[in-house]
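The structure appears right after this line, and notes come after that.
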Amino acid sequence: MEEVKQDKMKTDKEYIRLHQEIEMAKQKGKQECKMLQQEFEKEKATIYAEHVQFRKEVDEARESDKADYRKLLTKFEQWRPLVQSEWNRIRSHAANVKMDPETANACLTVSPDGQSVKAGKAQNVPDNPEWFESVPYVLGSDGFTKGAHYWEVKVADKAYWDVGVADGSVQRKGMPNLCSDAGFWTIGRDGEPYGISDAERSKITVTTRPQTIGVFLEMEARRVSFYNADDMFHLYTFKGNFSEKVYPFFWPGWEKSPLTICPVKN
């Protein structure tokens, strides 16, 4: 009986000890959870503060950009009359340009009014010292020896074309090189990129695809400039070593759609 009583006391003590350990573990767990919660809240507050600061910086940068844009817009509006005035001056030199079928390669067809040209099948034409024998080029009917002259050519969505000016003495038989060194000062499109007729066929930046190209020839200044006639954007200017007469130049590419000279609108 005494042994049973002692065993019971031992069991009770062990139970109390285990119960105390469990309660201590619970308290420790609660404290750890509380600490983790406090750390989480602190981290959340830090992240929120950083987010608020970031949003503030973004908003400030946006307002700064808006202010800069308004300043640039104001300056642009101040300069617009000068730009428009210069554009009006250029267009005041509008020339009555027509294409000369006597210079057109046999695979080109020039419209009866001399205002457009397109490529097609080669035709049987009499030999003419003025025509381009091997390349689909055509010149304007009248050349220029002095003064300033402006005309516009509709290129629309054509993928291949060149327009500009050519020296009257350019090679017309065989395979002339479409290059400024050979007397061709042009701008054009060869598939996707736009380029100029320098020795490297250098690419130029065109931000908006032009529907109409403006060509401005200044004989005394010895330069020819090209513009996107739709938005007055300057594309490129050549300094040319002109000699004799300089003629408008056209290459319509191999597509069926024509190159067309447009009337210059006032």
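Letters A, B, ... mark the chains of the structure tokens in the order given; residue numbers begin at 1 per chain; ligand numbers begin at 1, in order shown.
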
Can you list, as a tab-separated table (two decimals) with N, CA, C and O atoms, in the first residue's frame, every protein, DNA or RNA residue that comes within 12 Å of Gly143 (chain A) when you count only C-alpha atoms, leaving out same-chain residues fewer than 3 positions away?
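Writing done, so here's out_25.tsv:
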```
chain	number	residue	atom	x	y	z
A	95	ALA	N	8.01	75.72	-108.02
A	95	ALA	CA	8.37	75.64	-109.44
A	95	ALA	C	7.39	74.74	-110.18
A	95	ALA	O	6.85	73.79	-109.61
A	96	ASN	N	7.18	75.03	-111.44
A	96	ASN	CA	6.32	74.21	-112.29
A	96	ASN	C	7.16	73.08	-112.88
A	96	ASN	O	7.72	73.19	-113.97
A	97	VAL	N	7.26	72.00	-112.13
A	97	VAL	CA	8.14	70.88	-112.51
A	97	VAL	C	7.34	69.82	-113.26
A	97	VAL	O	6.25	69.43	-112.84
A	98	LYS	N	7.91	69.34	-114.36
A	98	LYS	CA	7.34	68.23	-115.11
A	98	LYS	C	8.45	67.24	-115.45
A	98	LYS	O	9.62	67.61	-115.51
A	99	MET	N	8.07	66.01	-115.67
A	99	MET	CA	9.03	64.97	-116.03
A	99	MET	C	9.20	64.93	-117.55
A	99	MET	O	8.25	65.16	-118.30
A	100	ASP	N	10.43	64.65	-117.95
A	100	ASP	CA	10.76	64.63	-119.37
A	100	ASP	C	10.79	63.19	-119.87
A	100	ASP	O	11.72	62.43	-119.57
A	139	LEU	N	14.40	62.45	-115.57
A	139	LEU	CA	14.70	63.80	-115.12
A	139	LEU	C	13.52	64.73	-115.41
A	139	LEU	O	12.61	64.40	-116.18
A	140	GLY	N	13.57	65.90	-114.80
A	140	GLY	CA	12.60	66.93	-115.10
A	140	GLY	C	12.84	67.51	-116.49
A	140	GLY	O	13.96	67.45	-117.01
A	146	LYS	N	20.04	79.00	-111.96
A	146	LYS	CA	20.11	80.02	-110.91
A	146	LYS	C	18.78	80.04	-110.16
A	146	LYS	O	17.78	79.46	-110.59
A	147	GLY	N	18.78	80.75	-109.04
A	147	GLY	CA	17.56	80.93	-108.28
A	147	GLY	C	17.26	79.80	-107.31
A	147	GLY	O	18.02	78.84	-107.17
A	148	ALA	N	16.11	79.94	-106.64
A	148	ALA	CA	15.64	78.93	-105.69
A	148	ALA	C	14.35	78.32	-106.24
A	148	ALA	O	13.51	79.03	-106.80
A	149	HIS	N	14.20	77.02	-106.05
A	149	HIS	CA	13.07	76.31	-106.66
A	149	HIS	C	12.61	75.21	-105.69
A	149	HIS	O	13.42	74.48	-105.13
A	165	VAL	N	17.71	65.91	-107.10
A	165	VAL	CA	18.20	66.60	-108.29
A	165	VAL	C	19.40	65.85	-108.86
A	165	VAL	O	20.06	65.08	-108.15
A	166	ALA	N	19.65	66.11	-110.14
A	166	ALA	CA	20.81	65.51	-110.81
A	166	ALA	C	21.45	66.55	-111.71
A	166	ALA	O	20.77	67.39	-112.31
A	167	ASP	N	22.76	66.47	-111.78
A	167	ASP	CA	23.49	67.34	-112.69
A	167	ASP	C	23.16	66.96	-114.13
A	167	ASP	O	22.97	65.78	-114.44
A	168	GLY	N	23.07	67.95	-114.99
A	168	GLY	CA	22.75	67.67	-116.38
A	168	GLY	C	23.76	66.80	-117.08
A	168	GLY	O	23.46	66.19	-118.11
A	169	SER	N	24.97	66.71	-116.52
A	169	SER	CA	26.03	65.95	-117.18
A	169	SER	C	26.17	64.52	-116.63
A	169	SER	O	27.15	63.85	-116.92
A	217	LEU	N	15.69	73.46	-103.87
A	217	LEU	CA	16.98	73.65	-104.53
A	217	LEU	C	17.36	75.14	-104.49
A	217	LEU	O	16.57	75.99	-104.92
A	219	MET	N	20.32	77.32	-105.95
A	219	MET	CA	21.48	77.25	-106.84
A	219	MET	C	22.64	78.10	-106.34
A	219	MET	O	23.79	77.64	-106.31
A	242	PHE	N	27.41	71.80	-107.91
A	242	PHE	CA	26.63	71.84	-109.14
A	242	PHE	C	27.44	72.41	-110.30
A	242	PHE	O	28.29	73.28	-110.13
A	243	SER	N	27.16	71.90	-111.48
A	243	SER	CA	27.74	72.45	-112.69
A	243	SER	C	26.68	72.45	-113.77
A	243	SER	O	25.77	71.59	-113.77
A	244	GLU	N	26.79	73.38	-114.72
A	244	GLU	CA	25.80	73.49	-115.78
A	244	GLU	C	24.39	73.57	-115.18
A	244	GLU	O	24.16	74.22	-114.19
A	245	LYS	N	23.45	72.85	-115.80
A	245	LYS	CA	22.09	72.84	-115.30
A	245	LYS	C	21.88	71.70	-114.30
A	245	LYS	O	22.52	70.66	-114.39
A	246	VAL	N	20.96	71.93	-113.36
A	246	VAL	CA	20.56	70.90	-112.40
A	246	VAL	C	19.09	70.60	-112.65
A	246	VAL	O	18.26	71.52	-112.76
A	247	TYR	N	18.76	69.30	-112.74
A	247	TYR	CA	17.41	68.89	-113.10
A	247	TYR	C	16.74	68.14	-111.94
A	247	TYR	O	17.41	67.41	-111.19
A	248	PRO	N	15.43	68.26	-111.80
A	248	PRO	CA	14.71	67.39	-110.87
A	248	PRO	C	14.92	65.93	-111.28
A	248	PRO	O	15.01	65.60	-112.46
A	249	PHE	N	15.00	65.06	-110.28
A	249	PHE	CA	15.31	63.65	-110.52
A	249	PHE	C	14.25	62.78	-109.85
A	249	PHE	O	13.79	63.06	-108.73
```

Near Asp198 (chain A), counting only C-alpha atoms, which residues have an atom at most 8 Å away, once you skip same-chain residues fewer than 6 positions from it, shown as a PyMOL selection string?
-> chain A and resi 179-181+185

Writing out the chosen residues with N, CA and C atoms as a tab-separated table (two decimals), in the first residue's frame:
```
chain	number	residue	atom	x	y	z
A	179	CYS	N	24.86	58.47	-106.71
A	179	CYS	CA	25.71	58.98	-105.64
A	179	CYS	C	25.99	60.45	-105.90
A	180	SER	N	26.14	61.22	-104.83
A	180	SER	CA	26.40	62.65	-104.98
A	180	SER	C	27.72	62.89	-105.70
A	181	ASP	N	28.69	62.00	-105.52
A	181	ASP	CA	29.97	62.15	-106.22
A	181	ASP	C	29.78	62.02	-107.73
A	185	TRP	N	21.94	64.02	-106.22
A	185	TRP	CA	21.71	64.41	-104.82
A	185	TRP	C	20.27	64.06	-104.49
```

Near Val110 (chain A), within 10 Å and counting only C-alpha atoms, which residues show up once chain neighbours fewer than 6 positions away are dropped, as a short mmCIF file (atom, residue, chain, number, x, y, z; two decimals) with N, CA, C and O atoms, in the first residue's frame?
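Listing of around_11.cif after writing:
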```
data_model
loop_
_atom_site.label_atom_id
_atom_site.label_comp_id
_atom_site.auth_asym_id
_atom_site.auth_seq_id
_atom_site.Cartn_x
_atom_site.Cartn_y
_atom_site.Cartn_z
N LYS A 98 7.91 69.34 -114.36
CA LYS A 98 7.34 68.23 -115.11
C LYS A 98 8.45 67.24 -115.45
O LYS A 98 9.62 67.61 -115.51
N MET A 99 8.07 66.01 -115.67
CA MET A 99 9.03 64.97 -116.03
C MET A 99 9.20 64.93 -117.55
O MET A 99 8.25 65.16 -118.30
N ASP A 100 10.43 64.65 -117.95
CA ASP A 100 10.76 64.63 -119.37
C ASP A 100 10.79 63.19 -119.87
O ASP A 100 11.72 62.43 -119.57
N PRO A 101 9.80 62.76 -120.64
CA PRO A 101 9.79 61.37 -121.12
C PRO A 101 10.98 61.04 -122.00
O PRO A 101 11.33 59.86 -122.17
N GLU A 102 11.62 62.05 -122.60
CA GLU A 102 12.78 61.81 -123.44
C GLU A 102 13.98 61.29 -122.64
O GLU A 102 14.91 60.72 -123.20
N ALA A 104 13.43 59.30 -119.85
CA ALA A 104 12.96 58.15 -119.07
C ALA A 104 13.49 56.84 -119.63
O ALA A 104 13.50 56.60 -120.85
N SER A 116 3.55 62.35 -113.36
CA SER A 116 3.80 61.11 -112.63
C SER A 116 4.55 60.12 -113.49
O SER A 116 4.55 60.21 -114.72
N VAL A 117 5.18 59.14 -112.83
CA VAL A 117 5.94 58.11 -113.52
C VAL A 117 5.82 56.81 -112.74
O VAL A 117 5.76 56.80 -111.51
N LYS A 118 5.75 55.70 -113.48
CA LYS A 118 5.70 54.40 -112.83
C LYS A 118 6.47 53.39 -113.66
O LYS A 118 6.68 53.57 -114.87
N ALA A 119 6.89 52.33 -113.00
CA ALA A 119 7.67 51.29 -113.66
C ALA A 119 6.75 50.23 -114.25
O ALA A 119 5.62 50.03 -113.80
N VAL A 138 14.34 59.07 -114.43
CA VAL A 138 13.81 60.10 -115.33
C VAL A 138 14.12 61.47 -114.71
O VAL A 138 14.10 61.62 -113.49
N PRO A 258 2.78 54.88 -108.76
CA PRO A 258 3.63 55.92 -109.34
C PRO A 258 4.21 56.89 -108.32
O PRO A 258 3.75 56.97 -107.18
N LEU A 259 5.24 57.59 -108.76
CA LEU A 259 5.67 58.82 -108.09
C LEU A 259 4.94 59.97 -108.78
O LEU A 259 4.89 60.03 -110.02
N THR A 260 4.39 60.87 -107.99
CA THR A 260 3.58 61.93 -108.55
C THR A 260 4.00 63.30 -108.02
O THR A 260 4.16 63.47 -106.81
#
```

Backbone DSSP call of alpha helix (DSSP H) for region 47-101 of chain A, listed as a PyMOL selection string | chain A and resi 47-91

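Proximity ranking of A:Glu41, A:Ile261, A:His19, A:Arg62 relative to Ala94 (chain A) places A:Ile261 first, based on only C-alpha atoms.
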
Filtered DSSP result for region 34-241 of chain A, state strand (DSSP E), as an NGL selection string | :A and (108-110 or 116-119 or 138-139 or 148-154 or 160-167 or 184-190 or 194-196 or 203-204 or 212-218 or 223-228 or 233-239)

Keeping only C-alpha atoms, write the selected residues to a file as a short mmCIF file (atom, residue, chain, number, x, y, z; two decimals), in the first residue's frame.
```cif
data_model
loop_
_atom_site.label_atom_id
_atom_site.label_comp_id
_atom_site.auth_asym_id
_atom_site.auth_seq_id
_atom_site.Cartn_x
_atom_site.Cartn_y
_atom_site.Cartn_z
CA LEU A 108 9.19 53.74 -117.21
CA THR A 109 5.92 55.32 -118.27
CA VAL A 110 5.53 59.07 -117.84
CA SER A 116 3.80 61.11 -112.63
CA VAL A 117 5.94 58.11 -113.52
CA LYS A 118 5.70 54.40 -112.83
CA ALA A 119 7.67 51.29 -113.66
CA VAL A 138 13.81 60.10 -115.33
CA LEU A 139 14.70 63.80 -115.12
CA ALA A 148 15.64 78.93 -105.69
CA HIS A 149 13.07 76.31 -106.66
CA TYR A 150 10.71 74.14 -104.62
CA TRP A 151 8.51 71.19 -105.57
CA GLU A 152 6.76 68.32 -103.84
CA VAL A 153 6.54 64.64 -104.75
CA LYS A 154 3.96 62.22 -103.38
CA TYR A 160 11.22 52.00 -102.99
CA TRP A 161 11.85 55.46 -104.42
CA ASP A 162 14.36 58.29 -104.75
CA VAL A 163 13.74 61.97 -105.49
CA GLY A 164 16.04 64.97 -105.65
CA VAL A 165 18.20 66.60 -108.29
CA ALA A 166 20.81 65.51 -110.81
CA ASP A 167 23.49 67.34 -112.69
CA PHE A 184 22.96 62.73 -108.02
CA TRP A 185 21.71 64.41 -104.82
CA THR A 186 18.73 62.42 -103.65
CA ILE A 187 16.81 61.09 -100.70
CA GLY A 188 14.88 57.84 -100.80
CA ARG A 189 13.64 54.66 -99.32
CA ASP A 190 15.06 51.24 -100.04
CA TYR A 194 15.48 55.94 -95.46
CA GLY A 195 18.80 57.04 -96.92
CA ILE A 196 20.65 59.69 -98.89
CA LYS A 203 20.64 56.15 -93.30
CA ILE A 204 18.73 59.11 -91.89
CA THR A 212 4.96 63.85 -99.55
CA ILE A 213 8.61 64.90 -99.94
CA GLY A 214 9.47 68.55 -100.43
CA VAL A 215 12.61 69.34 -102.48
CA PHE A 216 14.15 72.81 -102.13
CA LEU A 217 16.98 73.65 -104.53
CA GLU A 218 19.06 76.81 -103.96
CA ARG A 223 22.48 73.19 -101.71
CA VAL A 224 19.39 71.05 -101.92
CA SER A 225 17.22 70.34 -98.88
CA PHE A 226 14.57 67.72 -98.29
CA TYR A 227 11.50 68.01 -96.08
CA ASN A 228 8.58 65.95 -94.93
CA PHE A 233 10.13 68.43 -90.75
CA HIS A 234 13.61 68.92 -92.22
CA LEU A 235 15.12 65.60 -93.32
CA TYR A 236 18.50 66.42 -94.86
CA THR A 237 20.52 69.05 -96.74
CA PHE A 238 23.21 68.39 -99.34
CA LYS A 239 25.93 70.87 -100.24
#
```

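CA of Gly191 (chain A) lies 25.2 Å from CA of Val170 (chain A).
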
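When only C-alpha atoms are used to compute distances to Lys256 (chain A), the closest of the residues A:Lys66, A:Lys42, A:Lys30, A:Lys158 turns out to be A:Lys158.
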
Using only C-alpha atoms, determine which residues lie at most 7 Å from Cys107 (chain A), disregarding the query and same-chain residues fewer than 2 positions distant; provide the list as a PyMOL selection string.
-> chain A and resi 105+109+119-123+136

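With only C-alpha atoms as the atoms that count, the residue of A:Asn88, A:Asn177, A:Gln115, A:Gln38 with the shortest distance to Val135 (chain A) is A:Asn177.
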
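For the atom pair formed by CA of Glu200 (chain A) and CA of Gly240 (chain A), the distance is 16.3 Å, given to one decimal.
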
For Pro129 (chain A), which of A:Thr145, A:Asn241, A:Ser92, A:Gln171 is the closest residue, counting only C-alpha atoms?
-> A:Gln171
